[in-house]
>>> print(open('target_24.tsv').read())   # TSV, C-alpha atoms
chain	number	residue	atom	x	y	z
N	1	MET	CA	28.15	17.86	0.70
N	2	ARG	CA	27.65	17.94	4.47
N	3	ALA	CA	24.23	17.01	5.83
N	4	LEU	CA	23.18	17.67	9.41
N	5	ILE	CA	20.24	15.55	10.60
N	6	VAL	CA	18.28	17.01	13.52
N	7	THR	CA	15.21	15.30	14.97
N	8	THR	CA	12.80	15.56	17.84
N	9	PRO	CA	13.97	13.49	20.85
N	10	VAL	CA	12.04	10.31	20.09
N	11	PRO	CA	13.83	7.34	18.45
N	12	THR	CA	10.84	6.45	16.27
N	13	HIS	CA	10.86	10.00	14.89
N	14	PHE	CA	14.47	9.50	13.81
N	15	MET	CA	14.21	6.04	12.23
N	16	PRO	CA	12.32	7.05	9.03
N	17	LEU	CA	15.25	9.34	8.17
N	18	VAL	CA	17.84	6.56	8.39
N	19	PRO	CA	17.54	5.21	4.79
N	20	LEU	CA	18.03	8.75	3.44
N	21	GLY	CA	21.05	9.13	5.72
N	22	TRP	CA	22.42	5.85	4.38
N	23	ALA	CA	21.85	6.98	0.79
N	24	LEU	CA	23.70	10.24	1.40
N	25	ARG	CA	26.59	8.36	3.03
N	26	ALA	CA	26.74	5.81	0.20
N	27	ALA	CA	26.99	8.67	-2.31
N	28	GLY	CA	30.06	9.97	-0.48
N	29	HIS	CA	28.47	12.79	1.50
N	30	GLU	CA	29.24	13.53	5.14
N	31	VAL	CA	26.31	12.92	7.49
N	32	LEU	CA	26.09	13.93	11.16
N	33	VAL	CA	23.08	13.42	13.44
N	34	ALA	CA	22.45	15.88	16.27
N	35	GLY	CA	19.94	15.09	18.97
N	36	GLN	CA	19.29	14.60	22.63
N	37	PRO	CA	20.52	11.50	24.48
N	38	ASP	CA	17.11	9.85	23.90
N	39	ILE	CA	17.96	9.06	20.26
N	40	MET	CA	21.66	8.26	20.51
N	41	THR	CA	21.23	4.49	20.89
N	42	ALA	CA	19.12	4.51	17.71
N	43	VAL	CA	21.78	6.61	15.94
N	44	ARG	CA	24.54	4.16	16.87
N	45	SER	CA	22.39	1.18	15.87
N	46	ALA	CA	21.86	2.76	12.44
N	47	GLY	CA	25.61	3.13	11.94
N	48	LEU	CA	25.49	6.93	11.61
N	49	GLY	CA	27.70	9.39	13.43
N	50	GLY	CA	25.99	11.43	16.11
N	51	VAL	CA	26.51	14.22	18.61
N	52	SER	CA	24.48	14.22	21.81
N	53	VAL	CA	23.07	17.65	22.62
N	54	GLY	CA	21.39	18.72	25.85
N	55	ASP	CA	19.67	16.62	28.49
N	56	TRP	CA	17.33	13.66	28.28
N	57	PHE	CA	13.79	14.53	27.18
N	58	ARG	CA	12.13	11.22	28.24
N	59	VAL	CA	8.87	11.53	26.35
N	60	GLY	CA	7.56	8.24	27.75
N	61	GLU	CA	7.91	9.43	31.33
N	62	ARG	CA	6.22	12.73	30.46
N	63	MET	CA	3.27	10.87	28.95
N	64	ARG	CA	2.93	8.49	31.88
N	65	GLY	CA	3.07	11.46	34.23
N	66	ALA	CA	0.06	12.97	32.47
N	67	LEU	CA	-2.10	9.92	33.25
N	68	LYS	CA	-4.23	9.66	36.35
N	69	ASP	CA	-4.22	6.41	38.33
N	70	GLY	CA	-5.87	3.72	36.24
N	71	GLU	CA	-6.29	6.03	33.23
N	72	ARG	CA	-5.40	4.78	29.75
N	73	ALA	CA	-3.77	6.73	26.94
N	74	ILE	CA	-6.84	6.52	24.71
N	75	ASP	CA	-8.94	8.03	27.53
N	76	ALA	CA	-6.43	10.73	28.50
N	77	PHE	CA	-5.29	11.74	25.02
N	78	GLY	CA	-7.57	10.09	22.47
N	79	ARG	CA	-8.40	11.56	19.08
N	80	PRO	CA	-6.72	14.98	19.05
N	81	GLU	CA	-8.41	18.27	18.34
N	82	PRO	CA	-7.03	20.24	15.38
N	83	VAL	CA	-3.74	21.91	16.30
N	84	THR	CA	-4.12	25.65	16.95
N	85	GLU	CA	-1.28	26.29	19.42
N	86	PHE	CA	2.36	25.28	19.58
N	87	PRO	CA	2.63	23.31	22.84
N	88	GLN	CA	4.63	24.99	25.59
N	89	ILE	CA	6.66	21.82	26.01
N	90	TRP	CA	8.12	22.35	22.52
N	91	VAL	CA	8.76	26.05	23.17
N	92	ASP	CA	10.75	25.04	26.26
N	93	HIS	CA	12.46	22.33	24.25
N	94	SER	CA	13.60	24.88	21.67
N	95	ASP	CA	14.96	27.17	24.38
N	96	SER	CA	16.93	24.30	25.89
N	97	VAL	CA	18.62	22.89	22.78
N	98	LEU	CA	18.66	25.58	20.08
N	99	PRO	CA	21.79	27.43	21.34
N	100	ASP	CA	23.78	24.17	21.32
N	101	TYR	CA	22.40	23.21	17.91
N	102	LEU	CA	23.49	26.57	16.53
N	103	GLU	CA	26.98	26.22	17.99
N	104	LEU	CA	27.33	22.73	16.53
N	105	ALA	CA	26.00	23.77	13.13
N	106	ARG	CA	28.36	26.73	12.88
N	107	SER	CA	31.24	24.38	13.58
N	108	PHE	CA	30.10	21.58	11.25
N	109	ARG	CA	29.09	24.00	8.45
N	110	PRO	CA	26.44	21.82	6.77
N	111	ASP	CA	25.19	22.41	3.25
N	112	VAL	CA	21.73	21.13	4.16
N	113	VAL	CA	19.75	20.36	7.31
N	114	VAL	CA	17.47	17.30	7.32
N	115	SER	CA	14.83	16.79	10.00
N	116	ASP	CA	11.53	15.13	10.80
N	117	ALA	CA	8.48	17.20	9.98
N	118	ILE	CA	7.77	18.69	13.42
N	119	GLU	CA	11.31	19.70	14.42
N	120	CYS	CA	11.02	23.48	14.14
N	121	ASN	CA	14.53	24.02	15.51
N	122	ALA	CA	15.82	22.73	12.17
N	123	LEU	CA	13.96	25.52	10.35
N	124	ILE	CA	15.57	28.12	12.62
N	125	LEU	CA	18.98	26.54	12.04
N	126	GLY	CA	18.55	26.64	8.29
N	127	GLY	CA	17.29	30.21	8.30
N	128	THR	CA	20.12	31.41	10.54
N	129	LEU	CA	22.81	29.67	8.49
N	130	GLY	CA	21.22	30.50	5.14
N	131	ILE	CA	20.96	26.88	3.98
N	132	PRO	CA	18.01	24.74	2.86
N	133	VAL	CA	16.07	22.53	5.26
N	134	VAL	CA	14.58	19.22	4.14
N	135	GLN	CA	11.81	17.89	6.36
N	136	TYR	CA	10.64	14.28	6.24
N	137	ARG	CA	7.10	13.24	7.12
N	138	TRP	CA	6.70	10.08	9.20
N	139	GLY	CA	3.61	9.02	7.23
N	140	VAL	CA	0.02	10.27	7.27
N	141	ASP	CA	0.54	13.81	8.46
N	142	PRO	CA	-2.15	15.81	10.27
N	143	LEU	CA	0.44	17.60	12.42
N	144	SER	CA	3.33	19.27	10.66
N	145	GLY	CA	1.53	22.05	8.77
N	146	PRO	CA	-0.65	23.19	11.69
N	147	LEU	CA	2.25	22.89	14.14
N	148	ARG	CA	4.51	24.97	11.91
N	149	ALA	CA	1.81	27.64	11.60
N	150	ALA	CA	1.38	27.73	15.37
N	151	ALA	CA	5.15	27.81	15.91
N	152	ARG	CA	5.43	30.99	13.85
N	153	THR	CA	3.63	32.84	16.63
N	154	ALA	CA	5.14	30.95	19.57
N	155	LEU	CA	8.75	31.29	18.33
N	156	GLU	CA	8.46	34.72	16.71
N	157	ASP	CA	10.60	36.58	19.26
N	158	ARG	CA	13.27	33.88	19.18
N	159	CYS	CA	13.48	34.13	15.41
N	160	GLU	CA	13.71	37.92	15.59
N	161	ARG	CA	16.64	37.72	18.02
N	162	LEU	CA	18.49	35.65	15.42
N	163	GLY	CA	17.78	38.14	12.65
N	164	LEU	CA	15.00	36.17	10.98
N	165	ASP	CA	11.78	37.73	9.73
N	166	GLY	CA	9.92	34.70	11.04
N	167	LEU	CA	10.04	30.94	11.13
N	168	PRO	CA	11.14	29.78	7.66
N	169	ASP	CA	9.36	27.08	5.70
N	170	PRO	CA	11.22	23.94	4.65
N	171	ALA	CA	12.81	24.09	1.22
N	172	LEU	CA	11.62	20.53	0.62
N	173	LEU	CA	8.96	18.40	2.34
N	174	LEU	CA	9.46	14.70	1.67
N	175	ASP	CA	6.37	12.50	1.75
N	176	PRO	CA	6.61	8.68	1.96
N	177	CYS	CA	2.85	8.08	1.65
N	178	PRO	CA	1.85	6.33	-1.57
N	179	PRO	CA	-0.86	7.95	-3.71
N	180	GLY	CA	-4.23	7.81	-2.02
N	181	LEU	CA	-2.98	7.40	1.53
N	182	GLN	CA	-2.03	10.92	2.59
N	183	LEU	CA	-4.69	13.21	4.09
N	184	PRO	CA	-6.52	15.07	1.29
N	185	GLY	CA	-5.90	18.49	2.85
N	186	ALA	CA	-2.23	17.95	3.68
N	187	GLU	CA	0.39	20.25	2.23
N	188	PRO	CA	1.77	18.74	-0.99
N	189	GLY	CA	5.10	16.99	-0.57
N	190	THR	CA	7.81	15.47	-2.74
N	191	PRO	CA	7.45	11.67	-2.93
N	192	ILE	CA	10.10	9.38	-1.48
N	193	ARG	CA	9.79	5.62	-1.19
N	194	TYR	CA	9.37	4.36	2.35
N	195	VAL	CA	12.17	1.89	3.09
N	196	PRO	CA	11.33	-0.14	6.21
N	197	TYR	CA	13.80	0.39	9.03
N	198	ASN	CA	12.62	-0.24	12.57
N	199	GLY	CA	15.97	-0.39	14.35
N	200	GLY	CA	18.80	-2.89	14.54
N	201	GLY	CA	18.20	-6.46	15.64
N	202	THR	CA	18.06	-10.11	14.64
N	203	THR	CA	15.19	-12.35	13.60
N	204	PRO	CA	14.15	-14.81	16.33
N	205	PRO	CA	15.07	-18.41	15.45
N	206	GLY	CA	12.58	-20.09	13.15
N	207	LEU	CA	10.79	-16.90	12.13
N	208	GLU	CA	12.90	-16.38	9.02
N	209	ARG	CA	10.80	-19.15	7.43
N	210	ALA	CA	7.11	-19.34	6.54
N	211	PRO	CA	4.92	-20.85	9.27
N	212	ARG	CA	4.39	-24.61	9.15
N	213	ASP	CA	1.37	-26.35	7.71
N	214	GLY	CA	0.04	-23.25	5.96
N	215	LEU	CA	-0.68	-21.35	9.18
N	216	ARG	CA	-1.53	-17.67	8.74
N	217	ARG	CA	0.91	-15.64	10.78
N	218	VAL	CA	-0.30	-12.41	12.38
N	219	VAL	CA	2.13	-10.04	14.05
N	220	VAL	CA	0.87	-7.97	16.99
N	221	SER	CA	3.11	-4.95	17.50
N	222	LEU	CA	1.74	-2.30	19.82
N	223	GLY	CA	4.70	0.06	20.02
N	224	VAL	CA	7.19	0.72	22.77
N	225	ARG	CA	4.76	2.49	25.11
N	226	THR	CA	1.37	0.78	24.75
N	227	LEU	CA	1.77	-1.53	27.74
N	228	ALA	CA	3.12	1.28	29.92
N	229	LEU	CA	0.37	3.71	28.89
N	230	ASN	CA	-2.62	1.35	28.63
N	231	GLY	CA	-1.84	-1.46	31.04
N	232	VAL	CA	-1.82	-5.21	30.74
N	233	PRO	CA	-5.63	-5.76	30.51
N	234	HIS	CA	-5.76	-3.92	27.18
N	235	VAL	CA	-3.08	-6.15	25.67
N	236	ARG	CA	-4.52	-9.30	27.27
N	237	ARG	CA	-7.88	-8.66	25.58
N	238	ILE	CA	-6.20	-8.34	22.19
N	239	LEU	CA	-4.32	-11.61	22.63
N	240	HIS	CA	-7.43	-13.51	23.73
N	241	ALA	CA	-9.21	-12.37	20.55
N	242	PHE	CA	-7.13	-15.07	18.81
N	243	ASP	CA	-8.76	-17.82	20.86
N	244	GLY	CA	-10.63	-20.09	18.46
N	245	LEU	CA	-9.20	-18.42	15.34
N	246	ASP	CA	-8.21	-21.66	13.63
N	247	GLY	CA	-5.24	-21.86	11.30
N	248	THR	CA	-3.63	-18.77	12.76
N	249	GLU	CA	-0.34	-18.16	14.56
N	250	ALA	CA	0.01	-14.86	16.45
N	251	LEU	CA	3.45	-13.41	17.19
N	252	VAL	CA	3.27	-10.73	19.86
N	253	THR	CA	6.20	-8.50	20.79
N	254	VAL	CA	6.10	-8.21	24.59
N	255	GLU	CA	8.90	-7.43	26.99
N	256	GLU	CA	9.70	-10.25	29.40
N	257	ARG	CA	8.77	-8.18	32.46
N	258	TYR	CA	5.09	-8.04	31.44
N	259	ARG	CA	4.51	-11.71	30.60
N	260	ASP	CA	3.70	-13.09	34.05
N	261	GLU	CA	1.10	-10.38	34.56
N	262	ILE	CA	-0.46	-11.07	31.15
N	263	GLY	CA	-0.86	-14.67	32.23
N	264	PRO	CA	-1.96	-17.63	30.09
N	265	VAL	CA	-2.66	-16.89	26.44
N	266	PRO	CA	-4.36	-18.96	23.72
N	267	ASP	CA	-2.33	-21.81	22.29
N	268	GLN	CA	-1.83	-20.07	18.96
N	269	VAL	CA	-0.27	-16.98	20.61
N	270	ARG	CA	3.51	-16.79	21.00
N	271	MET	CA	5.11	-13.91	22.87
N	272	ILE	CA	8.55	-12.85	21.63
N	273	ASP	CA	11.01	-10.14	22.62
N	274	PRO	CA	10.65	-6.75	20.90
N	275	THR	CA	12.08	-7.20	17.40
N	276	PRO	CA	12.41	-4.75	14.50
N	277	LEU	CA	9.13	-5.10	12.65
N	278	ASN	CA	10.69	-5.29	9.20
N	279	LEU	CA	12.35	-8.58	10.25
N	280	LEU	CA	9.01	-10.25	11.04
N	281	LEU	CA	6.65	-9.42	8.18
N	282	ARG	CA	7.93	-11.32	5.13
N	283	HIS	CA	5.90	-14.42	5.97
N	284	CYS	CA	3.01	-12.58	7.61
N	285	ALA	CA	-0.68	-12.38	6.67
N	286	ALA	CA	-1.78	-9.36	8.71
N	287	VAL	CA	-0.59	-6.93	11.38
N	288	VAL	CA	-2.31	-5.68	14.54
N	289	HIS	CA	-0.91	-2.41	15.82
N	290	HIS	CA	-1.50	0.92	17.54
N	291	GLY	CA	-1.37	3.17	14.49
N	292	GLY	CA	2.20	4.40	14.96
N	293	SER	CA	3.66	5.74	11.73
N	294	GLY	CA	6.62	3.35	11.60
N	295	THR	CA	4.43	0.30	12.11
N	296	ALA	CA	1.72	1.48	9.72
N	297	MET	CA	4.15	2.41	6.96
N	298	THR	CA	6.19	-0.77	7.35
N	299	ALA	CA	3.09	-2.96	7.17
N	300	THR	CA	1.97	-0.96	4.12
N	301	SER	CA	5.30	-1.51	2.39
N	302	PHE	CA	4.85	-5.28	2.85
N	303	GLY	CA	1.33	-5.12	1.40
N	304	LEU	CA	-0.38	-6.41	4.53
N	305	PRO	CA	-3.92	-5.73	5.81
N	306	GLN	CA	-3.93	-4.08	9.21
N	307	LEU	CA	-6.06	-3.95	12.35
N	308	VAL	CA	-5.39	-0.50	13.81
N	309	LEU	CA	-6.08	0.30	17.48
N	310	PRO	CA	-5.06	3.98	17.77
N	311	GLN	CA	-4.36	5.58	21.13
N	312	LEU	CA	-3.26	9.18	20.52
N	313	ALA	CA	-2.00	11.86	18.13
N	314	ASP	CA	-1.50	10.90	14.47
N	315	GLN	CA	-2.27	7.24	15.17
N	316	PHE	CA	-5.94	8.01	14.49
N	317	ALA	CA	-5.09	9.56	11.13
N	318	HIS	CA	-3.16	6.45	10.10
N	319	GLY	CA	-6.13	4.28	11.04
N	320	ASP	CA	-8.56	6.56	9.21
N	321	GLN	CA	-6.56	6.72	5.97
N	322	LEU	CA	-5.68	3.04	5.84
N	323	SER	CA	-9.35	2.22	6.40
N	324	ALA	CA	-10.43	4.68	3.71
N	325	ALA	CA	-7.98	3.00	1.33
N	326	GLY	CA	-9.59	-0.36	2.11
N	327	ALA	CA	-6.40	-1.83	3.58
N	328	ALA	CA	-7.32	-1.79	7.27
N	329	ILE	CA	-9.99	-1.92	9.93
N	330	SER	CA	-9.58	0.79	12.55
N	331	LEU	CA	-11.24	0.49	15.96
N	332	ASP	CA	-10.84	3.99	17.32
N	333	THR	CA	-12.74	3.99	20.62
N	334	ALA	CA	-11.88	2.34	23.92
N	335	ALA	CA	-15.22	0.50	23.86
N	336	ASP	CA	-14.50	-1.06	20.47
N	337	GLN	CA	-10.94	-1.95	21.40
N	338	ASP	CA	-12.21	-3.67	24.56
N	339	ASP	CA	-14.86	-5.71	22.72
N	340	PRO	CA	-13.48	-9.25	22.31
N	341	GLU	CA	-16.11	-10.25	19.77
N	342	LEU	CA	-15.43	-7.19	17.60
N	343	LEU	CA	-11.67	-7.78	17.80
N	344	ALA	CA	-12.10	-11.42	16.75
N	345	THR	CA	-14.51	-10.55	13.94
N	346	SER	CA	-12.17	-7.85	12.63
N	347	LEU	CA	-9.23	-10.27	12.62
N	348	LYS	CA	-11.24	-12.89	10.77
N	349	THR	CA	-12.32	-10.34	8.16
N	350	LEU	CA	-8.74	-9.25	7.48
N	351	LEU	CA	-7.57	-12.86	7.16
N	352	THR	CA	-10.38	-14.27	5.04
N	353	ASP	CA	-11.72	-11.44	2.85
N	354	ASP	CA	-9.94	-10.69	-0.41
N	355	ALA	CA	-10.73	-6.95	-0.46
N	356	PRO	CA	-8.43	-5.77	2.38
N	357	ARG	CA	-5.59	-7.95	1.09
N	358	GLU	CA	-5.90	-6.61	-2.47
N	359	SER	CA	-6.14	-3.01	-1.26
N	360	ALA	CA	-3.03	-3.47	0.88
N	361	ARG	CA	-1.10	-4.96	-2.02
N	362	ARG	CA	-2.17	-2.08	-4.26
N	363	LEU	CA	-0.77	0.44	-1.77
N	364	ALA	CA	2.49	-1.54	-1.62
N	365	ARG	CA	2.81	-1.52	-5.41
N	366	HIS	CA	2.27	2.23	-5.49
N	367	MET	CA	4.84	2.69	-2.73
N	368	ALA	CA	7.42	0.57	-4.60
N	369	ARG	CA	7.14	2.86	-7.63
N	370	MET	CA	8.03	6.00	-5.64
N	371	PRO	CA	11.55	7.51	-5.98
N	372	SER	CA	14.06	5.70	-3.78
N	373	PRO	CA	16.11	7.45	-1.06
N	374	THR	CA	19.09	7.05	-3.42
N	375	ASP	CA	17.25	9.01	-6.11
N	376	VAL	CA	16.22	11.69	-3.65
N	377	ALA	CA	19.75	11.96	-2.25
N	378	ALA	CA	21.11	12.49	-5.75
N	379	ASP	CA	18.51	15.18	-6.50
N	380	LEU	CA	19.30	16.86	-3.21
N	381	ALA	CA	23.05	16.93	-3.91
N	382	ARG	CA	22.42	18.54	-7.31
N	383	SER	CA	20.19	21.23	-5.85
N	384	VAL	CA	22.31	22.57	-2.97
>>> encode(input="target_24.tsv", output="structure tokens")
Amino acid sequence: MRALIVTTPVPTHFMPLVPLGWALRAAGHEVLVAGQPDIMTAVRSAGLGGVSVGDWFRVGERMRGALKDGERAIDAFGRPEPVTEFPQIWVDHSDSVLPDYLELARSFRPDVVVSDAIECNALILGGTLGIPVVQYRWGVDPLSGPLRAAARTALEDRCERLGLDGLPDPALLLDPCPPGLQLPGAEPGTPIRYVPYNGGGTTPPGLERAPRDGLRRVVVSLGVRTLALNGVPHVRRILHAFDGLDGTEALVTVEERYRDEIGPVPDQVRMIDPTPLNLLLRHCAAVVHHGGSGTAMTATSFGLPQLVLPQLADQFAHGDQLSAAGAAISLDTAADQDDPELLATSLKTLLTDDAPRESARRLARHMARMPSPTDVAADLARSV
């Protein structure tokens, strides 16, 4: 079987698909990833074959360009309104890459197309070639169903030109959320176990072991764009919330270029280079993060309570659902995220109360019982 993986041009949108790609490869199937240059480093790091299509998309630059001077992401974007229109940026994106995707697909002749859950080009590819499309949710999913509905109108004429009656639905929608975590109104999906993969890398020296003297280790991972989109003061406030939190060691992933501006931090805070999150959490007691799906799902798979500080898009949904499940505290306004006392109190609650820890472990147990990517790959091969 040949599988063509197509994703939106954001590396973190591609990474959840990697374990399924590995499972297909291990079963002897041919796997090829097609995407814009933005994801090619991530493709190579995952050990999968890829073809670069089109120009750079540079989502980070686009987001920074939308901010006014001094404006933060949570102020500019914040909790999103329900999706009713397919954004013009994705219509333009389809126009720019779909012809090349079609040419590549006709040459590669896949038996199945696999994509993330908002890549509508994959649905057009599958419909045009007459093959099934498998879409993979990143996690808690408020976006894919409404976006697909809006895309039917926005891309209708493009589908007609290719001989399609309209934008097809996916043949299979894979859902890595354990029972009780997905949004109640979300379209039902087929369960697949979330296998943590946050990119290639190595564990910093000493962090492969449990912290000394029974210290509670907390990892602060705010995503690849939080500093660029929210500025240093936001991150500095989070780090200073650890001041006076006895018996705690905070590991914070921060690029070297920001550290001088952040300035002195509490003694129990250690800044380290960006590191794949799955390499840091084995000896961890809690995670502080921005609500990104990869971070939220990885922390959930390790059974860890979470302090969620969402900034935009589906990050709020991850905070909401993890909080509703009892496994997290979500501070979803700029005022709350800037309140040092509230940050410190929330951290202390996650580290000392049994309820969040037990709820997080329950979610992890449910996740571990879901069908593995190997199982799903085998089912997929039998069905195409």
>>> closest_atom_pairs(input="target_24.tsv", of="stretch 8-42 of chain N", to="stretch 293-313 of chain N", cutoff="12 Å", atoms="all atoms listed in the file", output="tab-separated table")
residue	atom	partner	partner_atom	distance
N:Pro11	CA	N:Gly294	CA	10.7
N:Thr12	CA	N:Gly294	CA	7.0
N:His13	CA	N:Gly294	CA	8.5
N:Phe14	CA	N:Gly294	CA	10.2
N:Met15	CA	N:Gly294	CA	8.1
N:Pro16	CA	N:Gly294	CA	7.3
N:Leu17	CA	N:Gly294	CA	11.1
>>> residues_around(input="target_24.tsv", residues="N:Val220", least_positions_apart="3", cutoff="10 Å", atoms="only C-alpha atoms", output="PyMOL selection string")
chain N and resi 217+223+235+238-239+250-254+269+271+277+286-290+306-307
>>> residues_near_point(input="target_24.tsv", point="(9.3, 23.9, -0.1)", cutoff="10 Å", atoms="all atoms listed in the file", output="ChimeraX atom specification")
/N:132-135,168-174,187-190
>>> closest_atom_pairs(input="target_24.tsv", of="stretch 163-233 of chain N", to="stretch 61-81 of chain N", cutoff="12 Å", atoms="only C-alpha atoms", output="tab-separated table")
residue	atom	partner	partner_atom	distance
N:Arg225	CA	N:Arg64	CA	9.2
N:Thr226	CA	N:Ala73	CA	8.2
N:Leu227	CA	N:Arg72	CA	9.8
N:Ala228	CA	N:Arg64	CA	7.5
N:Leu229	CA	N:Ala73	CA	5.5
N:Asn230	CA	N:Arg72	CA	4.6
N:Gly231	CA	N:Arg72	CA	7.3
N:Val232	CA	N:Arg72	CA	10.7
N:Pro233	CA	N:Arg72	CA	10.6
>>> residues_around(input="target_24.tsv", residues="N:Pro371", least_positions_apart="5", cutoff="9 Å", atoms="all atoms listed in the file", output="ChimeraX atom specification")
/N:191-193,376
>>> residues_near_point(input="target_24.tsv", point="(24.1, 18.0, 24.6)", cutoff="10 Å", atoms="all atoms listed in the file", output="list of chain:residue names")
N:Ala34, N:Gly35, N:Gln36, N:Pro37, N:Val51, N:Ser52, N:Val53, N:Gly54, N:Asp55, N:Trp56, N:Ser96, N:Val97, N:Asp100, N:Tyr101, N:Leu104
>>> decode(input="target_24.tsv", residues="stretch 327-370 of chain N", atoms="C-alpha atoms", output="short mmCIF file (atom, residue, chain, number, x, y, z; two decimals), in the first residue's frame")
data_model
loop_
_atom_site.label_atom_id
_atom_site.label_comp_id
_atom_site.auth_asym_id
_atom_site.auth_seq_id
_atom_site.Cartn_x
_atom_site.Cartn_y
_atom_site.Cartn_z
CA ALA N 327 -6.72 17.44 35.23
CA ALA N 328 -5.82 21.10 34.76
CA ILE N 329 -6.30 24.69 35.80
CA SER N 330 -6.83 27.01 32.85
CA LEU N 331 -6.27 30.76 33.17
CA ASP N 332 -7.85 32.05 30.00
CA THR N 333 -7.67 35.84 30.28
CA ALA N 334 -4.70 38.18 30.05
CA ALA N 335 -5.53 39.57 33.50
CA ASP N 336 -5.40 36.13 35.11
CA GLN N 337 -2.23 35.16 33.28
CA ASP N 338 -0.57 38.38 34.47
CA ASP N 339 -1.56 37.87 38.12
CA PRO N 340 1.53 36.55 39.95
CA GLU N 341 -0.44 35.51 43.02
CA LEU N 342 -2.97 33.56 40.96
CA LEU N 343 -0.18 31.87 38.98
CA ALA N 344 1.60 30.85 42.19
CA THR N 345 -1.61 29.63 43.84
CA SER N 346 -2.53 27.59 40.76
CA LEU N 347 0.91 25.97 40.68
CA LYS N 348 0.71 25.10 44.37
CA THR N 349 -2.74 23.55 43.90
CA LEU N 350 -1.55 21.34 41.04
CA LEU N 351 1.49 20.19 43.03
CA THR N 352 -0.14 19.56 46.40
CA ASP N 353 -3.76 18.53 45.77
CA ASP N 354 -4.50 14.89 45.00
CA ALA N 355 -7.54 15.55 42.78
CA PRO N 356 -5.78 17.02 39.70
CA ARG N 357 -3.08 14.35 39.86
CA GLU N 358 -5.61 11.51 40.05
CA SER N 359 -7.71 12.98 37.24
CA ALA N 360 -4.62 13.32 35.05
CA ARG N 361 -3.60 9.73 35.72
CA ARG N 362 -7.11 8.53 34.91
CA LEU N 363 -6.96 10.25 31.50
CA ALA N 364 -3.55 8.65 30.87
CA ARG N 365 -4.90 5.19 31.69
CA HIS N 366 -7.81 5.69 29.31
CA MET N 367 -5.42 6.90 26.61
CA ALA N 368 -3.16 3.86 27.06
CA ARG N 369 -6.10 1.54 26.38
CA MET N 370 -6.88 3.11 22.99
#
